[in-house]
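Novice: Structure below; questions to follow.
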Number of protein chains: 2
Amino acid sequence: MTDACPPELKLDNQLCFAVYSATHAFAQAYKPHLEPLGLTYPQYLVMLLLWERDGRSVNELGAPLRLDSGTLTPLLKRMEKAGFLTRQRDEKDERVTRIHLTAHGKSLRETARAIPAAMLCASGLDVAGLSDLRDRIAEVGDALRQA
Amino acid sequence: MTDACPPELKLDNQLCFAVYSATHAFAQAYKPHLEPLGLTYPQYLVMLLLWERDGRSVNELGAPLRLDSGTLTPLLKRMEKAGFLTRQRDEKDERVTRIHLTAHGKSLRETARAIPAAMLCASGLDVAGLSDLRDRIAEVGDALRQA
DNA sequence: AGCAATTATATTGTGCGCAATTTGATGTCA
DNA sequence: TGACATCAAATTGCGCACAATATAATTGCT
């Protein structure tokens, strides 16, 4: 017979699992808000960046999201096909693909403005609690990436 | 010209993105520890449950992980093929598939015991900070699932 | 006993996410 | 100018994650 399970190996004691599980919970919670817009959750993240600044390259989207072209290229093609954006080669440097929002893509921003408040509510946090938790998790992410 | 980007739609202000991004950072940080064992990160989570208690059904693995058979069945088949576990029908109720660790699967637990301390170190947190953050994220996950 | 509802798992199809490689364009330097 | 390194995207292959459906065993009802 082996030893009893050491507590450091219990699933519920793992920070990584709490984070992993919360990620899926977020994706599910966003779904009813994003489905009417025709967006998936990762596509919504791309839209957030493009609403901030249009005409980014694939790398300029991937850097903040920490996603590479293997993920972004097919995702952007689906979004292009769905009419949210266009993909065209930069005229100065043909290695670069520039992403521009369509009128439809731009217009969704106003609708999307209501989403963050709904998610704040669903999270059960207040604004200060959300900010604090967000910053702490971001710090852990940064530490893990640096290690 | 449209308005400047409203702060509630900035990527870096999103709790969901901090969590999403930390999940990927965790998976990357675990990789060098899990690769020598031959496990992926989701497979490691399954092992944590089986080290706690062997002979679970697919549902008994999926409930705590919040994963369904569409995810677990192929994952468990890969783990079976790799020699970590066996999958066999319950004799009393043939609807149920029971998962048992092989000797090899069991033996990995001792090696794995070193991983949580390494990850704690990589996270830049102390034990109290980790517990606190873990519990707060778990609460948000629960709130989102309930909403 | 026999049929319907329920339950557990498996299957199918779509969309990430990432490692590794490929393709094509740009920059550099002899 | 011409070979060579570098760079940006795209492609390929594999492993999750989940909705929807299918399959098969068990339970419940009459």
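Residue numbering restarts at 1 for every chain of the structure tokens, chains are lettered A, B, ... in their displayed order, and ligands are numbered from 1 as they appear.
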How would chain B read as a PDB file with C-alpha atoms, in the first residue's frame once least-squares superposed on chain A using all paired C-alpha atoms?
Specialist:
ATOM      1  CA  MET B   1       0.193   0.047  -0.004  1.00  0.00           C
ATOM      2  CA  THR B   2       1.419   3.526  -0.865  1.00  0.00           C
ATOM      3  CA  ASP B   3       1.213   6.610   1.343  1.00  0.00           C
ATOM      4  CA  ALA B   4      -1.907   8.734   1.580  1.00  0.00           C
ATOM      5  CA  CYS B   5      -2.060  11.492  -1.013  1.00  0.00           C
ATOM      6  CA  PRO B   6       0.339  14.288  -0.108  1.00  0.00           C
ATOM      7  CA  PRO B   7      -1.575  17.590   0.161  1.00  0.00           C
ATOM      8  CA  GLU B   8       0.720  19.370  -2.272  1.00  0.00           C
ATOM      9  CA  LEU B   9      -0.588  17.044  -4.995  1.00  0.00           C
ATOM     10  CA  LYS B  10      -4.289  17.554  -4.310  1.00  0.00           C
ATOM     11  CA  LEU B  11      -6.076  19.060  -7.263  1.00  0.00           C
ATOM     12  CA  ASP B  12      -8.001  21.589  -5.210  1.00  0.00           C
ATOM     13  CA  ASN B  13      -4.820  22.933  -3.647  1.00  0.00           C
ATOM     14  CA  GLN B  14      -3.307  23.891  -6.998  1.00  0.00           C
ATOM     15  CA  LEU B  15      -3.239  27.548  -7.972  1.00  0.00           C
ATOM     16  CA  CYS B  16      -2.730  26.472 -11.571  1.00  0.00           C
ATOM     17  CA  PHE B  17      -5.976  24.526 -11.506  1.00  0.00           C
ATOM     18  CA  ALA B  18      -7.962  27.400  -9.994  1.00  0.00           C
ATOM     19  CA  VAL B  19      -6.685  29.594 -12.828  1.00  0.00           C
ATOM     20  CA  TYR B  20      -7.224  26.926 -15.493  1.00  0.00           C
ATOM     21  CA  SER B  21     -10.744  26.320 -14.290  1.00  0.00           C
ATOM     22  CA  ALA B  22     -11.558  30.037 -14.045  1.00  0.00           C
ATOM     23  CA  THR B  23     -10.411  30.505 -17.644  1.00  0.00           C
ATOM     24  CA  HIS B  24     -12.997  28.004 -18.821  1.00  0.00           C
ATOM     25  CA  ALA B  25     -15.644  29.527 -16.561  1.00  0.00           C
ATOM     26  CA  PHE B  26     -14.918  32.932 -18.113  1.00  0.00           C
ATOM     27  CA  ALA B  27     -15.201  31.563 -21.634  1.00  0.00           C
ATOM     28  CA  GLN B  28     -18.554  30.012 -20.767  1.00  0.00           C
ATOM     29  CA  ALA B  29     -19.787  33.157 -19.060  1.00  0.00           C
ATOM     30  CA  TYR B  30     -18.814  35.302 -22.055  1.00  0.00           C
ATOM     31  CA  LYS B  31     -20.519  32.994 -24.499  1.00  0.00           C
ATOM     32  CA  PRO B  32     -24.091  34.327 -24.187  1.00  0.00           C
ATOM     33  CA  HIS B  33     -22.764  37.874 -24.637  1.00  0.00           C
ATOM     34  CA  LEU B  34     -20.511  37.078 -27.590  1.00  0.00           C
ATOM     35  CA  GLU B  35     -22.705  34.644 -29.475  1.00  0.00           C
ATOM     36  CA  PRO B  36     -25.131  37.396 -30.598  1.00  0.00           C
ATOM     37  CA  LEU B  37     -22.130  39.261 -32.014  1.00  0.00           C
ATOM     38  CA  GLY B  38     -20.863  36.132 -33.772  1.00  0.00           C
ATOM     39  CA  LEU B  39     -17.559  36.161 -31.891  1.00  0.00           C
ATOM     40  CA  THR B  40     -15.709  33.489 -29.934  1.00  0.00           C
ATOM     41  CA  TYR B  41     -13.814  34.513 -26.823  1.00  0.00           C
ATOM     42  CA  PRO B  42     -10.329  34.569 -28.435  1.00  0.00           C
ATOM     43  CA  GLN B  43     -11.807  36.506 -31.351  1.00  0.00           C
ATOM     44  CA  TYR B  44     -13.226  39.019 -28.866  1.00  0.00           C
ATOM     45  CA  LEU B  45      -9.718  39.551 -27.471  1.00  0.00           C
ATOM     46  CA  VAL B  46      -8.511  40.341 -30.990  1.00  0.00           C
ATOM     47  CA  MET B  47     -11.373  42.795 -31.408  1.00  0.00           C
ATOM     48  CA  LEU B  48     -10.418  44.539 -28.151  1.00  0.00           C
ATOM     49  CA  LEU B  49      -6.959  45.194 -29.608  1.00  0.00           C
ATOM     50  CA  LEU B  50      -8.307  46.354 -32.955  1.00  0.00           C
ATOM     51  CA  TRP B  51     -10.845  48.660 -31.331  1.00  0.00           C
ATOM     52  CA  GLU B  52      -7.911  50.219 -29.463  1.00  0.00           C
ATOM     53  CA  ARG B  53      -5.879  50.575 -32.627  1.00  0.00           C
ATOM     54  CA  ASP B  54      -6.684  49.472 -36.153  1.00  0.00           C
ATOM     55  CA  GLY B  55      -4.299  48.352 -38.882  1.00  0.00           C
ATOM     56  CA  ARG B  56      -2.063  46.213 -36.710  1.00  0.00           C
ATOM     57  CA  SER B  57       0.169  43.492 -38.109  1.00  0.00           C
ATOM     58  CA  VAL B  58      -0.252  39.857 -37.086  1.00  0.00           C
ATOM     59  CA  ASN B  59       2.736  40.213 -34.773  1.00  0.00           C
ATOM     60  CA  GLU B  60       1.332  43.365 -33.221  1.00  0.00           C
ATOM     61  CA  LEU B  61      -1.762  41.379 -32.318  1.00  0.00           C
ATOM     62  CA  GLY B  62       0.177  38.347 -31.194  1.00  0.00           C
ATOM     63  CA  ALA B  63       2.616  40.120 -28.891  1.00  0.00           C
ATOM     64  CA  PRO B  64       0.114  41.410 -26.315  1.00  0.00           C
ATOM     65  CA  LEU B  65      -2.009  38.261 -26.598  1.00  0.00           C
ATOM     66  CA  ARG B  66       1.066  36.018 -26.499  1.00  0.00           C
ATOM     67  CA  LEU B  67      -0.219  34.039 -29.466  1.00  0.00           C
ATOM     68  CA  ASP B  68       1.817  33.123 -32.521  1.00  0.00           C
ATOM     69  CA  SER B  69       0.897  33.015 -36.205  1.00  0.00           C
ATOM     70  CA  GLY B  70       0.025  29.341 -35.925  1.00  0.00           C
ATOM     71  CA  THR B  71      -2.932  30.362 -33.786  1.00  0.00           C
ATOM     72  CA  LEU B  72      -3.680  33.777 -35.256  1.00  0.00           C
ATOM     73  CA  THR B  73      -3.526  33.116 -38.982  1.00  0.00           C
ATOM     74  CA  PRO B  74      -6.436  30.676 -39.091  1.00  0.00           C
ATOM     75  CA  LEU B  75      -8.351  32.660 -36.456  1.00  0.00           C
ATOM     76  CA  LEU B  76      -8.002  35.859 -38.484  1.00  0.00           C
ATOM     77  CA  LYS B  77      -9.021  34.044 -41.650  1.00  0.00           C
ATOM     78  CA  ARG B  78     -12.225  32.924 -39.952  1.00  0.00           C
ATOM     79  CA  MET B  79     -12.855  36.476 -38.779  1.00  0.00           C
ATOM     80  CA  GLU B  80     -12.225  37.775 -42.287  1.00  0.00           C
ATOM     81  CA  LYS B  81     -14.662  35.265 -43.718  1.00  0.00           C
ATOM     82  CA  ALA B  82     -17.230  36.338 -41.124  1.00  0.00           C
ATOM     83  CA  GLY B  83     -16.821  39.969 -42.199  1.00  0.00           C
ATOM     84  CA  PHE B  84     -15.206  41.494 -39.100  1.00  0.00           C
ATOM     85  CA  LEU B  85     -11.918  42.478 -40.701  1.00  0.00           C
ATOM     86  CA  THR B  86      -9.688  42.440 -43.773  1.00  0.00           C
ATOM     87  CA  ARG B  87      -6.188  40.988 -44.166  1.00  0.00           C
ATOM     88  CA  GLN B  88      -3.877  42.577 -46.669  1.00  0.00           C
ATOM     89  CA  ARG B  89      -0.162  42.755 -47.271  1.00  0.00           C
ATOM     90  CA  ASP B  90       1.610  45.944 -46.267  1.00  0.00           C
ATOM     91  CA  GLU B  91       2.657  47.826 -49.410  1.00  0.00           C
ATOM     92  CA  LYS B  92       5.977  48.960 -47.960  1.00  0.00           C
ATOM     93  CA  ASP B  93       6.930  45.557 -46.578  1.00  0.00           C
ATOM     94  CA  GLU B  94       5.242  42.612 -48.171  1.00  0.00           C
ATOM     95  CA  ARG B  95       6.222  40.277 -45.344  1.00  0.00           C
ATOM     96  CA  VAL B  96       3.689  42.036 -43.113  1.00  0.00           C
ATOM     97  CA  THR B  97      -0.041  41.314 -43.111  1.00  0.00           C
ATOM     98  CA  ARG B  98      -2.107  44.260 -41.870  1.00  0.00           C
ATOM     99  CA  ILE B  99      -5.458  43.721 -40.215  1.00  0.00           C
ATOM    100  CA  HIS B 100      -8.164  46.351 -40.623  1.00  0.00           C
ATOM    101  CA  LEU B 101     -11.657  46.348 -39.159  1.00  0.00           C
ATOM    102  CA  THR B 102     -14.579  46.502 -41.550  1.00  0.00           C
ATOM    103  CA  ALA B 103     -17.416  48.949 -40.904  1.00  0.00           C
ATOM    104  CA  HIS B 104     -19.277  46.058 -39.329  1.00  0.00           C
ATOM    105  CA  GLY B 105     -16.325  45.210 -37.094  1.00  0.00           C
ATOM    106  CA  LYS B 106     -16.041  48.807 -35.951  1.00  0.00           C
ATOM    107  CA  SER B 107     -19.732  49.090 -35.293  1.00  0.00           C
ATOM    108  CA  LEU B 108     -19.721  46.234 -32.798  1.00  0.00           C
ATOM    109  CA  ARG B 109     -17.719  48.244 -30.302  1.00  0.00           C
ATOM    110  CA  GLU B 110     -20.719  50.175 -29.077  1.00  0.00           C
ATOM    111  CA  THR B 111     -22.642  46.962 -28.434  1.00  0.00           C
ATOM    112  CA  ALA B 112     -19.630  45.415 -26.741  1.00  0.00           C
ATOM    113  CA  ARG B 113     -19.334  48.288 -24.281  1.00  0.00           C
ATOM    114  CA  ALA B 114     -22.061  46.719 -22.173  1.00  0.00           C
ATOM    115  CA  ILE B 115     -20.198  43.433 -21.755  1.00  0.00           C
ATOM    116  CA  PRO B 116     -17.544  44.347 -19.140  1.00  0.00           C
ATOM    117  CA  ALA B 117     -20.157  45.595 -16.661  1.00  0.00           C
ATOM    118  CA  ALA B 118     -22.164  42.400 -17.109  1.00  0.00           C
ATOM    119  CA  MET B 119     -19.072  40.298 -16.516  1.00  0.00           C
ATOM    120  CA  LEU B 120     -18.076  42.314 -13.463  1.00  0.00           C
ATOM    121  CA  CYS B 121     -21.499  41.579 -12.038  1.00  0.00           C
ATOM    122  CA  ALA B 122     -21.241  37.875 -12.881  1.00  0.00           C
ATOM    123  CA  SER B 123     -17.819  37.653 -11.212  1.00  0.00           C
ATOM    124  CA  GLY B 124     -19.259  38.681  -7.861  1.00  0.00           C
ATOM    125  CA  LEU B 125     -16.493  41.254  -7.392  1.00  0.00           C
ATOM    126  CA  ASP B 126     -16.536  45.009  -6.956  1.00  0.00           C
ATOM    127  CA  VAL B 127     -14.390  47.280  -9.116  1.00  0.00           C
ATOM    128  CA  ALA B 128     -11.570  47.517  -6.581  1.00  0.00           C
ATOM    129  CA  GLY B 129     -11.574  43.762  -5.977  1.00  0.00           C
ATOM    130  CA  LEU B 130     -11.421  43.084  -9.689  1.00  0.00           C
ATOM    131  CA  SER B 131      -8.505  45.476 -10.247  1.00  0.00           C
ATOM    132  CA  ASP B 132      -6.591  44.002  -7.361  1.00  0.00           C
ATOM    133  CA  LEU B 133      -7.153  40.411  -8.418  1.00  0.00           C
ATOM    134  CA  ARG B 134      -6.361  41.202 -12.045  1.00  0.00           C
ATOM    135  CA  ASP B 135      -3.065  42.849 -11.143  1.00  0.00           C
ATOM    136  CA  ARG B 136      -2.015  40.024  -8.848  1.00  0.00           C
ATOM    137  CA  ILE B 137      -2.761  37.364 -11.463  1.00  0.00           C
ATOM    138  CA  ALA B 138      -0.961  39.382 -14.110  1.00  0.00           C
ATOM    139  CA  GLU B 139       2.080  39.507 -11.818  1.00  0.00           C
ATOM    140  CA  VAL B 140       2.045  35.736 -11.430  1.00  0.00           C
ATOM    141  CA  GLY B 141       1.785  35.371 -15.196  1.00  0.00           C
ATOM    142  CA  ASP B 142       4.752  37.662 -15.652  1.00  0.00           C
ATOM    143  CA  ALA B 143       6.755  35.798 -13.024  1.00  0.00           C
ATOM    144  CA  LEU B 144       6.043  32.445 -14.688  1.00  0.00           C
ATOM    145  CA  ARG B 145       7.052  33.745 -18.084  1.00  0.00           C
ATOM    146  CA  GLN B 146      10.283  35.119 -16.694  1.00  0.00           C
ATOM    147  CA  ALA B 147      11.214  31.966 -14.769  1.00  0.00           C
TER     148      ALA B 147
END
Novice: Can you pull out the residues contacting range 19-30 of chain C? Cut-off 10 Å, using only C-alpha atoms (C1' of nucleotides), and skip same-chain residues under 6 positions away; I want them as a ChimeraX atom specification.
Specialist: /A:70,93-96 /D:2-14
Novice: Have a look at C1' of DA17 in chain D and C1' of DT11 in chain C and let me know their distance in Å, one decimal.
Specialist: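 Pair C1' of DA17 in chain D / C1' of DT11 in chain C returns 14.8 Å.
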Novice: For the structure I just gave you, how does DSSP split chain A - specifically, which residues are alpha helix (DSSP H)? Reply as a ChimeraX atom specification.
Specialist: /A:15-34,41-52,58-65,69-81,103-112,115-123,127-146
Novice: Create the file for the chosen residues now, containing C-alpha atoms and written as a compact mmCIF listing (two decimals), in the first residue's frame.
Specialist:
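In the end it all went to part-v1.txt:
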# COMPACT_ATOMS: atom_id res chain seq x y z
CA LEU A 15 -3.22 27.58 -7.97
CA CYS A 16 -2.72 26.49 -11.56
CA PHE A 17 -5.96 24.53 -11.49
CA ALA A 18 -7.94 27.41 -9.99
CA VAL A 19 -6.67 29.60 -12.82
CA TYR A 20 -7.22 26.93 -15.48
CA SER A 21 -10.73 26.32 -14.27
CA ALA A 22 -11.55 30.04 -14.04
CA THR A 23 -10.40 30.50 -17.64
CA HIS A 24 -12.98 28.00 -18.82
CA ALA A 25 -15.62 29.51 -16.56
CA PHE A 26 -14.92 32.92 -18.11
CA ALA A 27 -15.18 31.54 -21.63
CA GLN A 28 -18.54 29.99 -20.77
CA ALA A 29 -19.77 33.14 -19.07
CA TYR A 30 -18.80 35.29 -22.05
CA LYS A 31 -20.51 33.00 -24.50
CA PRO A 32 -24.08 34.32 -24.20
CA HIS A 33 -22.76 37.88 -24.63
CA LEU A 34 -20.51 37.09 -27.60
CA TYR A 41 -13.84 34.52 -26.83
CA PRO A 42 -10.35 34.58 -28.43
CA GLN A 43 -11.82 36.51 -31.35
CA TYR A 44 -13.23 39.03 -28.86
CA LEU A 45 -9.73 39.56 -27.48
CA VAL A 46 -8.52 40.34 -30.99
CA MET A 47 -11.39 42.80 -31.40
CA LEU A 48 -10.42 44.55 -28.15
CA LEU A 49 -6.96 45.20 -29.61
CA LEU A 50 -8.31 46.36 -32.95
CA TRP A 51 -10.84 48.66 -31.33
CA GLU A 52 -7.91 50.22 -29.48
CA VAL A 58 -0.27 39.82 -37.11
CA ASN A 59 2.73 40.15 -34.79
CA GLU A 60 1.35 43.32 -33.24
CA LEU A 61 -1.77 41.37 -32.33
CA GLY A 62 0.16 38.32 -31.20
CA ALA A 63 2.61 40.09 -28.91
CA PRO A 64 0.11 41.40 -26.32
CA LEU A 65 -2.01 38.25 -26.60
CA SER A 69 0.86 33.01 -36.23
CA GLY A 70 -0.01 29.32 -35.94
CA THR A 71 -2.96 30.36 -33.80
CA LEU A 72 -3.72 33.78 -35.26
CA THR A 73 -3.56 33.11 -39.00
CA PRO A 74 -6.49 30.67 -39.10
CA LEU A 75 -8.40 32.67 -36.47
CA LEU A 76 -8.03 35.87 -38.49
CA LYS A 77 -9.06 34.05 -41.66
CA ARG A 78 -12.27 32.95 -39.95
CA MET A 79 -12.87 36.50 -38.78
CA GLU A 80 -12.22 37.80 -42.29
CA LYS A 81 -14.67 35.29 -43.73
CA ALA A 103 -17.39 48.98 -40.88
CA HIS A 104 -19.26 46.08 -39.31
CA GLY A 105 -16.32 45.23 -37.08
CA LYS A 106 -16.02 48.82 -35.93
CA SER A 107 -19.72 49.11 -35.28
CA LEU A 108 -19.71 46.24 -32.79
CA ARG A 109 -17.70 48.25 -30.31
CA GLU A 110 -20.71 50.17 -29.09
CA THR A 111 -22.65 46.98 -28.44
CA ALA A 112 -19.63 45.41 -26.74
CA ILE A 115 -20.20 43.43 -21.74
CA PRO A 116 -17.56 44.33 -19.14
CA ALA A 117 -20.16 45.58 -16.66
CA ALA A 118 -22.17 42.37 -17.11
CA MET A 119 -19.08 40.26 -16.50
CA LEU A 120 -18.09 42.30 -13.45
CA CYS A 121 -21.50 41.54 -12.04
CA ALA A 122 -21.24 37.84 -12.89
CA SER A 123 -17.83 37.63 -11.21
CA VAL A 127 -14.44 47.26 -9.12
CA ALA A 128 -11.62 47.50 -6.58
CA GLY A 129 -11.60 43.75 -5.97
CA LEU A 130 -11.45 43.08 -9.69
CA SER A 131 -8.56 45.47 -10.24
CA ASP A 132 -6.62 44.02 -7.38
CA LEU A 133 -7.17 40.41 -8.42
CA ARG A 134 -6.39 41.20 -12.05
CA ASP A 135 -3.09 42.85 -11.13
CA ARG A 136 -2.07 40.01 -8.84
CA ILE A 137 -2.77 37.37 -11.47
CA ALA A 138 -0.99 39.41 -14.11
CA GLU A 139 2.04 39.53 -11.80
CA VAL A 140 2.03 35.76 -11.42
CA GLY A 141 1.77 35.38 -15.19
CA ASP A 142 4.73 37.70 -15.64
CA ALA A 143 6.75 35.83 -13.01
CA LEU A 144 6.04 32.48 -14.68
CA ARG A 145 7.05 33.79 -18.08
CA GLN A 146 10.28 35.18 -16.68
Novice: Return as CSV the residues of chain C lying at most 9 Å from chain B, together with the closest atom-to-atom pair for each and the distance in Å to one decimal, counting only C-alpha atoms (C1' of nucleotides), with rows in chain order and ascending residue number.
Specialist:
residue,atom,partner,partner_atom,distance
C:DT7,C1',B:Arg95,CA,7.9
C:DA8,C1',B:Arg95,CA,5.0
C:DT9,C1',B:Arg95,CA,6.7
C:DA10,C1',B:Thr73,CA,7.2
C:DT11,C1',B:Gly70,CA,8.1
C:DG17,C1',B:His24,CA,8.8
Novice: What would the file look like if the residues just selected were written as an mmCIF file, in the first residue's frame with C-alpha atoms (C1' of nucleotides)?
Specialist:
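Printed below is part.cif as written:
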data_model
loop_
_atom_site.group_PDB
_atom_site.id
_atom_site.type_symbol
_atom_site.label_atom_id
_atom_site.label_comp_id
_atom_site.auth_asym_id
_atom_site.auth_seq_id
_atom_site.Cartn_x
_atom_site.Cartn_y
_atom_site.Cartn_z
ATOM 1 C "C1'" DT C 7 -27.582 7.364 -17.570
ATOM 2 C "C1'" DA C 8 -22.571 6.773 -19.058
ATOM 3 C "C1'" DT C 9 -19.576 6.882 -22.473
ATOM 4 C "C1'" DA C 10 -18.129 7.464 -27.151
ATOM 5 C "C1'" DT C 11 -18.183 9.930 -31.595
ATOM 6 C "C1'" DG C 17 -2.920 26.806 -28.908
#
Novice: Any idea what the distance is between C1' of DT12 in chain C and C1' of DG15 in chain D?
Specialist: 16.5 Å
Novice: Please check the contacts: residues of chain D at most 12 Å away from chain B, using only C-alpha atoms (C1' of nucleotides), listed as a compact mmCIF listing (two decimals) with N, CA and C atoms (P, O5', C5', C4', C3', O3' and C1' of nucleotides), in the first residue's frame.
Specialist:
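Output saved as part_38.txt:
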# COMPACT_ATOMS: atom_id res chain seq x y z
P DC D 14 0.59 13.96 -36.35
O5' DC D 14 0.24 14.35 -34.85
C5' DC D 14 1.29 14.76 -33.97
C4' DC D 14 0.69 15.53 -32.82
C3' DC D 14 -0.49 14.82 -32.14
O3' DC D 14 -0.18 14.71 -30.77
C1' DC D 14 -0.97 17.10 -32.55
P DG D 15 -1.02 13.71 -29.85
O5' DG D 15 -1.64 14.69 -28.75
C5' DG D 15 -0.82 15.65 -28.13
C4' DG D 15 -1.69 16.71 -27.48
C3' DG D 15 -2.92 16.14 -26.77
O3' DG D 15 -3.07 16.83 -25.54
C1' DG D 15 -3.58 17.80 -28.29
P DC D 16 -3.98 16.19 -24.36
O5' DC D 16 -5.44 16.61 -24.84
C5' DC D 16 -6.31 17.28 -23.97
C4' DC D 16 -6.14 18.77 -24.07
C3' DC D 16 -7.34 19.52 -23.53
O3' DC D 16 -6.90 20.76 -22.99
C1' DC D 16 -7.12 19.96 -25.83
P DA D 17 -7.90 21.41 -21.85
O5' DA D 17 -9.28 21.68 -22.59
C5' DA D 17 -9.67 23.00 -22.87
C4' DA D 17 -11.02 23.04 -23.56
C3' DA D 17 -12.20 22.39 -22.83
O3' DA D 17 -13.09 23.42 -22.51
C1' DA D 17 -12.22 21.90 -25.16
P DC D 18 -14.48 23.14 -21.76
O5' DC D 18 -15.53 23.00 -22.94
C5' DC D 18 -15.77 24.12 -23.78
C4' DC D 18 -16.73 23.71 -24.87
C3' DC D 18 -17.96 22.94 -24.37
O3' DC D 18 -19.09 23.41 -25.05
C1' DC D 18 -16.95 21.76 -26.08
P DA D 19 -20.50 23.44 -24.34
O5' DA D 19 -21.51 23.41 -25.57
C5' DA D 19 -21.29 24.27 -26.68
C4' DA D 19 -21.84 23.62 -27.93
C3' DA D 19 -23.18 22.94 -27.74
O3' DA D 19 -24.03 23.27 -28.84
C1' DA D 19 -21.60 21.38 -28.57
P DA D 20 -25.57 22.85 -28.82
O5' DA D 20 -25.57 21.53 -29.70
C5' DA D 20 -24.83 21.51 -30.91
C4' DA D 20 -24.91 20.11 -31.51
C3' DA D 20 -26.22 19.38 -31.22
O3' DA D 20 -26.67 18.80 -32.44
C1' DA D 20 -24.38 18.05 -30.56
P DT D 21 -28.10 18.03 -32.47
O5' DT D 21 -27.62 16.52 -32.59
C5' DT D 21 -26.59 16.22 -33.52
C4' DT D 21 -26.05 14.84 -33.27
C3' DT D 21 -27.12 13.75 -33.08
O3' DT D 21 -27.00 12.84 -34.16
C1' DT D 21 -25.36 13.55 -31.51
P DT D 23 -25.76 5.31 -33.88
O5' DT D 23 -25.27 4.50 -32.61
C5' DT D 23 -23.88 4.51 -32.27
C4' DT D 23 -23.69 3.83 -30.93
C3' DT D 23 -24.58 2.61 -30.70
O3' DT D 23 -23.74 1.57 -30.24
C1' DT D 23 -24.74 4.08 -28.88
P DA D 24 -24.23 0.04 -30.34
O5' DA D 24 -24.26 -0.40 -28.81
C5' DA D 24 -23.20 0.01 -27.95
C4' DA D 24 -23.72 0.05 -26.55
C3' DA D 24 -24.69 -1.08 -26.18
O3' DA D 24 -24.19 -1.71 -25.03
C1' DA D 24 -25.51 1.00 -25.44
P DA D 25 -24.87 -3.03 -24.44
O5' DA D 25 -25.13 -2.67 -22.91
C5' DA D 25 -24.06 -2.09 -22.16
C4' DA D 25 -24.64 -1.45 -20.92
C3' DA D 25 -25.53 -2.39 -20.10
O3' DA D 25 -25.15 -2.29 -18.75
C1' DA D 25 -26.71 -0.39 -20.63
P DT D 26 -25.82 -3.23 -17.64
O5' DT D 26 -26.89 -2.27 -16.95
C5' DT D 26 -26.43 -1.06 -16.35
C4' DT D 26 -27.61 -0.22 -15.92
C3' DT D 26 -28.61 -0.91 -14.98
O3' DT D 26 -28.66 -0.14 -13.79
C1' DT D 26 -29.72 0.27 -16.71
P DT D 27 -29.55 -0.64 -12.53
O5' DT D 27 -30.82 0.31 -12.65
C5' DT D 27 -30.63 1.71 -12.80
C4' DT D 27 -31.98 2.38 -13.00
C3' DT D 27 -33.07 1.89 -12.04
O3' DT D 27 -33.69 3.03 -11.48
C1' DT D 27 -33.82 1.76 -14.29
Novice: Would you please give, as a ChimeraX atom specification, all residues of range 38-135 of chain B that DSSP assigns to strand (DSSP E) based on the backbone?
Specialist: /B:56-57,85-89,97-101
